[in-house]
Amino acid sequence: MKYYIQTLGCAMNYSDTERVSSMLEKLGYEKTETPEDADIYIFNTCSIRQKGEDRVYGQYQNVAGWKKSNPRLLIGITGCMVRNTSTKNTERENQDHLLKLLDQLDFVFRINDTHKLGEVLSEAEPRLEIPELEEGGLNDYLRVKPKYQVAHQAFVPIQIGCDKYCTYCIVPYARGREKSRPMQDIIAECTDLVEKGCKEITLVGQTVNSYGKSVLDEQDGQFAHLKDPFVSLLEELDKLTEKGLNRLRFTSPHPRDYNENLIEAHARLQCLTPHFHLPIQAGDDQMLQKMNRQYTFEKYKKLIDKIREILPEASVTTDIIVGFCGETDEQFENTVKAYNNVRWDMAYLARYSPRKGTVSWKAFKDDVSREKKAERWHKLNKLLEACSREYNESMTGKTLEVLVEKFDNETGLAEGKSRENKIVQFPGAPDLIGHVVNVKITNALTWTLKGEKIS
Ligand code: SF4
């Protein structure tokens with residue numbers, strides 16, 4: 001029996017997919033790279049934008065059609081689109097909305113219920129022979145040992161849920177309250193990874209730098225003795241450099257939980273990379289308030305100034321939403337001014353689309369026209385292109401440490417990322433994949449750096 005998982009969205013989802021894969025393999029399924037061959041097809045979904053959901057609905061139609069040639073095919077959905085773990089055989093009133101909407105769908109599960117996947121499948125298809133799994137380590141989804149995609153890089157989740165309630169975001173409803181994973185579990189997972197040759201670990205969480213500080217964390221008291229639990233965790237993980245860890249990243253932090261201590265840790269800790277991703281979302285204070293981001297541009301800029309004082313060459317990147325409810329031309333121009341002021345070298349730009357169930361969907365009007373959103377997006381994208389190129393040009397002539405991720409047989413180019421998270425290409429060989437090499441940058445393009453490997 002074979003399975004296929006289609007993953008959309010953020011690093012957290014890719015990390016979750018590794019745990020879902022592992023559960024399915026414990027249940028006796030085998031991964032297939034050919035979606036049409038699967039007996040279980042799971043969508044791990046993202047609800048941040050309408051586009052992500054539309055992709056799921058589009059592909060679902062195709063997959064549902066495969067049931068004609070493979071009647072035992074089971075289709076499931078997990079991730080941010082799901083509210084309620086249930087199957088086509090659950091009583092109708094307790095079924096998730098997706099099961100009511102998609103008649104060929106067999107089961108859905110909240111990602112936090114990954115460890116219960118065996119029970120879910122048994123309910124969806126009672127004729128399946130699902131093995132009884134030993135309890136050991138499977139009673140919590142983050143304790144499911146993941147099936148990592150590659151040996152040299154890994155995502156490690158350190159918290160689940162989110163307490164921030166940005167008005168446009170569905171995540172707190174989809175993933176529940178924020179809760180941090182025990183530090184010893186994270187250290188054990190990372191140590192095991194590094195001992196098996198992992199060079200780069202990315203810690204993932206919805207607001208990763210509030211690790212250990214949520215209400216639920218305070219209630220269980222395990223972090224009470226730590227002044228700054230996230231920095232303490234980074235310090236512990238930095239000790240793994242002795243065992244071969246080359247770089248430690250984290251995504252996505254919230255500006256509200258960034259402080260000088262964390263910025264200084266980037267300069268102090270050997271494996272923490274000089275890359276700061278600080279999602280601003282808007283450069284106008286009224287918009288920020290309406291989004292419930294709980295900082296002003298001035299406060300945000302102070303963090304950037306501190307970063308540039310301590311690590312002037314660090315990469316600083318962001319996320320921005322254009323056309324949020326009621327955004328006037330003047331308010332948008334404040335975001336343009338903010339861009340010109342900060343000059344983020346990379347930004348993920350999104351046009352606002354209301355997500356059902358969020359505060360902005362209930363309380364505000366999506367009143368910026370599609371055309372205006374597109375116009376604003378293109379204006380910011382031009383600025384982004386200029387800033388990305390400017391930053392890349394500043395790297396010309398420098399020697400960067402690159403962790404090689406792939407090799408293209410046709411061009412003979414190896415590709416990887418620098419510590420600043422920039423894509424670097426250079427003439428190489430397939431056996432460099434997974435290795436860290438020094439590359440002298442000879443040419444800067446808008447999104448890519450070109451160079452030559454130096455021995
Ligand atoms: S911080 Fe805001 S945008 Fe990020 S997951 Fe939480 S609610 Fe969503």
# chains A, B, ... in the order shown; residues from 1 in each chain; ligands from 1

call {"tool": "closest_atom_pairs", "arguments": {"of": "chain A", "to": "ligand 1", "cutoff": "7 Å", "atoms": "only C-alpha atoms and all ligand atoms", "output": "CSV"}}
result
residue,atom,partner,partner_atom_place_in_ligand_line,distance
A:Cys162,CA,ligand 1,6 (Fe),4.8
A:Asp163,CA,ligand 1,6 (Fe),6.3
A:Lys164,CA,ligand 1,7 (S),4.8
A:Tyr165,CA,ligand 1,7 (S),4.1
A:Cys166,CA,ligand 1,2 (Fe),4.1
A:Cys169,CA,ligand 1,8 (Fe),4.5
A:Ile170,CA,ligand 1,8 (Fe),6.4
A:Val171,CA,ligand 1,8 (Fe),5.1
A:Pro172,CA,ligand 1,7 (S),5.7
A:Gln206,CA,ligand 1,5 (S),4.9
A:Thr207,CA,ligand 1,1 (S),5.7
A:His254,CA,ligand 1,1 (S),6.2

call {"tool": "closest_atom_pairs", "arguments": {"of": "stretch 85-177 of chain A", "to": "stretch 56-73 of chain A", "cutoff": "12 Å", "atoms": "only C-alpha atoms", "output": "JSON lines"}}
result
{"residue": "A:Leu98", "atom": "CA", "partner": "A:Tyr57", "partner_atom": "CA", "distance": 10.3}
{"residue": "A:Leu101", "atom": "CA", "partner": "A:Tyr57", "partner_atom": "CA", "distance": 10.4}
{"residue": "A:Leu102", "atom": "CA", "partner": "A:Tyr60", "partner_atom": "CA", "distance": 8.7}
{"residue": "A:Asp103", "atom": "CA", "partner": "A:Ala64", "partner_atom": "CA", "distance": 9.1}
{"residue": "A:Gln104", "atom": "CA", "partner": "A:Ala64", "partner_atom": "CA", "distance": 6.0}
{"residue": "A:Leu105", "atom": "CA", "partner": "A:Ala64", "partner_atom": "CA", "distance": 7.8}
{"residue": "A:Asp106", "atom": "CA", "partner": "A:Leu73", "partner_atom": "CA", "distance": 9.2}
{"residue": "A:Phe107", "atom": "CA", "partner": "A:Leu73", "partner_atom": "CA", "distance": 11.7}
{"residue": "A:Leu121", "atom": "CA", "partner": "A:Leu73", "partner_atom": "CA", "distance": 11.8}
{"residue": "A:Ala124", "atom": "CA", "partner": "A:Leu73", "partner_atom": "CA", "distance": 11.3}
{"residue": "A:Glu125", "atom": "CA", "partner": "A:Arg72", "partner_atom": "CA", "distance": 9.1}
{"residue": "A:Pro126", "atom": "CA", "partner": "A:Arg72", "partner_atom": "CA", "distance": 11.9}
{"residue": "A:Arg127", "atom": "CA", "partner": "A:Arg72", "partner_atom": "CA", "distance": 10.2}
{"residue": "A:Leu128", "atom": "CA", "partner": "A:Arg72", "partner_atom": "CA", "distance": 9.8}

call {"tool": "closest_residue", "arguments": {"among": "A:Ser47, A:Thr191, A:Asn209, A:Thr114", "to": "A:Asp16", "atoms": "only C-alpha atoms"}}
result
A:Thr114

call {"tool": "residues_around", "arguments": {"residues": "A:Leu237", "least_positions_apart": "4", "cutoff": "8 Å", "atoms": "only C-alpha atoms", "output": "PyMOL selection string"}}
result
chain A and resi 187+190+233+241

call {"tool": "write_last_selection", "arguments": {"atoms": "C-alpha atoms", "output": "PDB file, in the first residue's frame"}}
result
ATOM      1  CA  ILE A 187      17.859  19.074  22.030  1.00  0.00           C
ATOM      2  CA  CYS A 190      18.762  17.995  17.087  1.00  0.00           C
ATOM      3  CA  LEU A 233      17.500  27.068  23.584  1.00  0.00           C
ATOM      4  CA  THR A 241      28.746  22.988  16.461  1.00  0.00           C
TER       5      THR A 241
END

call {"tool": "closest_residue", "arguments": {"among": "A:Ile111, A:Val194, A:Val82, A:Ala386", "to": "A:Arg247", "atoms": "only C-alpha atoms"}}
result
A:Val194

call {"tool": "atom_distance", "arguments": {"atom1": "atom CA of A:Arg419", "atom2": "atom CA of A:Val437"}}
result
11.3 Å

call {"tool": "select_by_dssp", "arguments": {"residues": "stretch 41-191 of chain A", "states": "helix (DSSP H, G or I)", "output": "PyMOL selection string"}}
result
chain A and resi 50-68+92-94+97-101+111-124+141-143+171-175+183-191

call {"tool": "residues_around", "arguments": {"residues": "A:Lys422", "least_positions_apart": "6", "cutoff": "8 Å", "atoms": "only C-alpha atoms", "output": "PyMOL selection string"}}
result
chain A and resi 447-449

call {"tool": "closest_residue", "arguments": {"among": "A:Met287, A:Ala224, A:Val231, A:Ile158", "to": "A:Cys325", "atoms": "only C-alpha atoms"}}
result
A:Met287

call {"tool": "residues_around", "arguments": {"residues": "A:Thr399", "least_positions_apart": "2", "cutoff": "8 Å", "atoms": "only C-alpha atoms", "output": "ChimeraX atom specification"}}
result
/A:397,401,438-441

call {"tool": "closest_residue", "arguments": {"among": "A:Ser388, A:Gln153, A:Ser210, A:Ser122", "to": "A:Lys196", "atoms": "only C-alpha atoms"}}
result
A:Gln153

call {"tool": "atom_distance", "arguments": {"atom1": "atom CA of A:Tyr3", "atom2": "atom CA of A:Ser22"}}
result
11.1 Å

call {"tool": "closest_residue", "arguments": {"among": "A:Lys145, A:Leu248, A:Cys46, A:Leu27", "to": "A:Glu119", "atoms": "only C-alpha atoms"}}
result
A:Leu27

call {"tool": "select_by_dssp", "arguments": {"residues": "stretch 293-373 of chain A", "states": "strand (DSSP E)", "output": "MDAnalysis selection string"}}
result
chainID A and resid 315:322 346:351

call {"tool": "closest_residue", "arguments": {"among": "A:Arg376, A:Asn381, A:Cys198, A:Thr90", "to": "A:Gln149", "atoms": "only C-alpha atoms"}}
result
A:Cys198

call {"tool": "residues_around", "arguments": {"residues": "stretch 179-186 of chain A", "least_positions_apart": "3", "cutoff": "10 Å", "atoms": "only C-alpha atoms", "output": "VMD selection string"}}
result
chain A and resid 142 to 143 156 to 163 176 189 to 192 203 205 208 210 to 218 220 222 to 223 229 to 230 232 to 233 236 to 237

call {"tool": "residues_around", "arguments": {"residues": "stretch 28-37 of chain A", "least_positions_apart": "4", "cutoff": "6 Å", "atoms": "only C-alpha atoms", "output": "ChimeraX atom specification"}}
result
/A:1-4,24

call {"tool": "decode", "arguments": {"residues": "stretch 74-199 of chain A", "atoms": "C-alpha atoms", "output": "PDB file, in the first residue's frame"}}
result
ATOM      1  CA  LEU A  74      -8.486   7.124   0.265  1.00  0.00           C
ATOM      2  CA  ILE A  75      -8.258  10.918   0.101  1.00  0.00           C
ATOM      3  CA  GLY A  76      -7.434  12.947   3.201  1.00  0.00           C
ATOM      4  CA  ILE A  77      -6.777  16.557   4.151  1.00  0.00           C
ATOM      5  CA  THR A  78      -4.751  17.991   7.029  1.00  0.00           C
ATOM      6  CA  GLY A  79      -3.131  21.343   7.835  1.00  0.00           C
ATOM      7  CA  CYS A  80      -4.690  24.779   8.209  1.00  0.00           C
ATOM      8  CA  MET A  81      -7.878  24.063   6.217  1.00  0.00           C
ATOM      9  CA  VAL A  82      -9.064  21.502   8.777  1.00  0.00           C
ATOM     10  CA  ARG A  83     -11.000  22.395  11.941  1.00  0.00           C
ATOM     11  CA  ASN A  84     -12.176  19.022  13.223  1.00  0.00           C
ATOM     12  CA  THR A  85     -10.624  15.545  12.921  1.00  0.00           C
ATOM     13  CA  SER A  86     -13.348  13.346  11.372  1.00  0.00           C
ATOM     14  CA  THR A  87     -14.091  10.914   8.549  1.00  0.00           C
ATOM     15  CA  LYS A  88     -16.832  10.205   6.028  1.00  0.00           C
ATOM     16  CA  ASN A  89     -18.146   7.695   8.625  1.00  0.00           C
ATOM     17  CA  THR A  90     -18.299  10.165  11.535  1.00  0.00           C
ATOM     18  CA  GLU A  91     -21.834  11.300  12.450  1.00  0.00           C
ATOM     19  CA  ARG A  92     -22.705  14.103  10.090  1.00  0.00           C
ATOM     20  CA  GLU A  93     -23.098  16.823  12.724  1.00  0.00           C
ATOM     21  CA  ASN A  94     -19.545  16.150  13.997  1.00  0.00           C
ATOM     22  CA  GLN A  95     -17.936  16.141  10.579  1.00  0.00           C
ATOM     23  CA  ASP A  96     -15.523  18.835   9.451  1.00  0.00           C
ATOM     24  CA  HIS A  97     -16.926  21.330   6.920  1.00  0.00           C
ATOM     25  CA  LEU A  98     -14.587  19.900   4.251  1.00  0.00           C
ATOM     26  CA  LEU A  99     -16.239  16.468   4.435  1.00  0.00           C
ATOM     27  CA  LYS A 100     -19.605  18.115   3.857  1.00  0.00           C
ATOM     28  CA  LEU A 101     -18.211  20.074   0.922  1.00  0.00           C
ATOM     29  CA  LEU A 102     -16.161  17.405  -0.913  1.00  0.00           C
ATOM     30  CA  ASP A 103     -18.099  14.175  -1.439  1.00  0.00           C
ATOM     31  CA  GLN A 104     -15.109  12.003  -2.423  1.00  0.00           C
ATOM     32  CA  LEU A 105     -13.097  13.035   0.629  1.00  0.00           C
ATOM     33  CA  ASP A 106     -12.569  10.168   3.101  1.00  0.00           C
ATOM     34  CA  PHE A 107     -10.973  11.730   6.151  1.00  0.00           C
ATOM     35  CA  VAL A 108      -9.534  14.930   7.594  1.00  0.00           C
ATOM     36  CA  PHE A 109      -7.330  15.344  10.645  1.00  0.00           C
ATOM     37  CA  ARG A 110      -5.987  18.271  12.627  1.00  0.00           C
ATOM     38  CA  ILE A 111      -2.234  18.121  12.393  1.00  0.00           C
ATOM     39  CA  ASN A 112      -2.023  17.841  16.199  1.00  0.00           C
ATOM     40  CA  ASP A 113      -3.843  14.504  15.797  1.00  0.00           C
ATOM     41  CA  THR A 114      -1.190  13.000  13.494  1.00  0.00           C
ATOM     42  CA  HIS A 115      -0.372  10.404  16.173  1.00  0.00           C
ATOM     43  CA  LYS A 116      -4.016   9.209  15.922  1.00  0.00           C
ATOM     44  CA  LEU A 117      -3.832   8.637  12.178  1.00  0.00           C
ATOM     45  CA  GLY A 118      -4.263   4.864  12.566  1.00  0.00           C
ATOM     46  CA  GLU A 119      -7.636   5.341  14.313  1.00  0.00           C
ATOM     47  CA  VAL A 120      -8.703   7.891  11.708  1.00  0.00           C
ATOM     48  CA  LEU A 121      -7.913   5.510   8.835  1.00  0.00           C
ATOM     49  CA  SER A 122      -9.690   2.615  10.557  1.00  0.00           C
ATOM     50  CA  GLU A 123     -12.821   4.711  10.904  1.00  0.00           C
ATOM     51  CA  ALA A 124     -12.606   5.939   7.295  1.00  0.00           C
ATOM     52  CA  GLU A 125     -12.145   2.394   5.963  1.00  0.00           C
ATOM     53  CA  PRO A 126     -12.975  -0.362   8.526  1.00  0.00           C
ATOM     54  CA  ARG A 127     -11.714  -3.068   6.128  1.00  0.00           C
ATOM     55  CA  LEU A 128      -8.122  -1.783   6.417  1.00  0.00           C
ATOM     56  CA  GLU A 129      -5.819  -3.865   8.560  1.00  0.00           C
ATOM     57  CA  ILE A 130      -4.217  -1.180  10.691  1.00  0.00           C
ATOM     58  CA  PRO A 131      -1.554  -2.466  13.108  1.00  0.00           C
ATOM     59  CA  GLU A 132      -1.811  -1.560  16.788  1.00  0.00           C
ATOM     60  CA  LEU A 133       1.090   0.756  17.555  1.00  0.00           C
ATOM     61  CA  GLU A 134       2.933   0.704  20.833  1.00  0.00           C
ATOM     62  CA  GLU A 135       2.087   3.752  22.930  1.00  0.00           C
ATOM     63  CA  GLY A 136       5.786   4.604  23.412  1.00  0.00           C
ATOM     64  CA  GLY A 137       6.366   8.109  22.155  1.00  0.00           C
ATOM     65  CA  LEU A 138       3.262   8.316  20.001  1.00  0.00           C
ATOM     66  CA  ASN A 139       0.845  10.005  22.363  1.00  0.00           C
ATOM     67  CA  ASP A 140       1.881  13.480  21.220  1.00  0.00           C
ATOM     68  CA  TYR A 141       2.289  14.392  17.568  1.00  0.00           C
ATOM     69  CA  LEU A 142       5.609  16.175  18.094  1.00  0.00           C
ATOM     70  CA  ARG A 143       6.959  12.966  19.629  1.00  0.00           C
ATOM     71  CA  VAL A 144       6.389  11.094  16.382  1.00  0.00           C
ATOM     72  CA  LYS A 145       9.892  10.643  15.010  1.00  0.00           C
ATOM     73  CA  PRO A 146       9.877  12.290  11.574  1.00  0.00           C
ATOM     74  CA  LYS A 147      10.999  10.816   8.297  1.00  0.00           C
ATOM     75  CA  TYR A 148      13.445  13.530   7.199  1.00  0.00           C
ATOM     76  CA  GLN A 149      13.641  14.351   3.488  1.00  0.00           C
ATOM     77  CA  VAL A 150      17.444  14.714   3.350  1.00  0.00           C
ATOM     78  CA  ALA A 151      20.305  14.019   5.758  1.00  0.00           C
ATOM     79  CA  HIS A 152      22.096  17.373   5.638  1.00  0.00           C
ATOM     80  CA  GLN A 153      19.173  19.731   6.392  1.00  0.00           C
ATOM     81  CA  ALA A 154      16.185  19.429   8.705  1.00  0.00           C
ATOM     82  CA  PHE A 155      13.238  21.354  10.066  1.00  0.00           C
ATOM     83  CA  VAL A 156      12.626  20.895  13.780  1.00  0.00           C
ATOM     84  CA  PRO A 157       9.340  22.188  15.246  1.00  0.00           C
ATOM     85  CA  ILE A 158       9.696  23.842  18.628  1.00  0.00           C
ATOM     86  CA  GLN A 159       6.157  25.057  19.266  1.00  0.00           C
ATOM     87  CA  ILE A 160       2.633  24.599  17.974  1.00  0.00           C
ATOM     88  CA  GLY A 161      -0.255  27.035  17.624  1.00  0.00           C
ATOM     89  CA  CYS A 162      -0.318  30.799  17.900  1.00  0.00           C
ATOM     90  CA  ASP A 163      -1.679  33.277  20.469  1.00  0.00           C
ATOM     91  CA  LYS A 164      -1.171  36.460  18.456  1.00  0.00           C
ATOM     92  CA  TYR A 165      -4.518  36.643  16.625  1.00  0.00           C
ATOM     93  CA  CYS A 166      -3.508  38.909  13.760  1.00  0.00           C
ATOM     94  CA  THR A 167      -6.885  39.931  12.382  1.00  0.00           C
ATOM     95  CA  TYR A 168      -6.286  38.525   8.881  1.00  0.00           C
ATOM     96  CA  CYS A 169      -4.881  35.148   9.948  1.00  0.00           C
ATOM     97  CA  ILE A 170      -6.585  31.782  10.308  1.00  0.00           C
ATOM     98  CA  VAL A 171      -3.675  30.000  12.016  1.00  0.00           C
ATOM     99  CA  PRO A 172      -4.766  30.493  15.670  1.00  0.00           C
ATOM    100  CA  TYR A 173      -8.153  28.935  14.803  1.00  0.00           C
ATOM    101  CA  ALA A 174      -6.648  26.144  12.724  1.00  0.00           C
ATOM    102  CA  ARG A 175      -3.741  25.237  14.994  1.00  0.00           C
ATOM    103  CA  GLY A 176      -5.002  26.279  18.405  1.00  0.00           C
ATOM    104  CA  ARG A 177      -3.279  27.913  21.363  1.00  0.00           C
ATOM    105  CA  GLU A 178       0.460  28.341  21.424  1.00  0.00           C
ATOM    106  CA  LYS A 179       2.396  25.678  23.311  1.00  0.00           C
ATOM    107  CA  SER A 180       6.126  25.059  23.372  1.00  0.00           C
ATOM    108  CA  ARG A 181       7.799  21.730  23.085  1.00  0.00           C
ATOM    109  CA  PRO A 182       9.982  20.594  26.011  1.00  0.00           C
ATOM    110  CA  MET A 183      13.539  21.821  25.522  1.00  0.00           C
ATOM    111  CA  GLN A 184      15.076  18.410  26.218  1.00  0.00           C
ATOM    112  CA  ASP A 185      12.977  16.865  23.386  1.00  0.00           C
ATOM    113  CA  ILE A 186      14.248  19.494  20.930  1.00  0.00           C
ATOM    114  CA  ILE A 187      17.859  19.074  22.030  1.00  0.00           C
ATOM    115  CA  ALA A 188      17.545  15.283  21.744  1.00  0.00           C
ATOM    116  CA  GLU A 189      16.085  15.513  18.216  1.00  0.00           C
ATOM    117  CA  CYS A 190      18.762  17.995  17.087  1.00  0.00           C
ATOM    118  CA  THR A 191      21.607  16.005  18.638  1.00  0.00           C
ATOM    119  CA  ASP A 192      20.426  12.864  16.893  1.00  0.00           C
ATOM    120  CA  LEU A 193      20.226  14.750  13.591  1.00  0.00           C
ATOM    121  CA  VAL A 194      23.723  16.219  13.898  1.00  0.00           C
ATOM    122  CA  GLU A 195      25.189  12.852  14.894  1.00  0.00           C
ATOM    123  CA  LYS A 196      23.708  11.486  11.664  1.00  0.00           C
ATOM    124  CA  GLY A 197      25.385  14.201   9.576  1.00  0.00           C
ATOM    125  CA  CYS A 198      22.900  17.069   9.579  1.00  0.00           C
ATOM    126  CA  LYS A 199      24.639  20.385   8.836  1.00  0.00           C
TER     127      LYS A 199
END
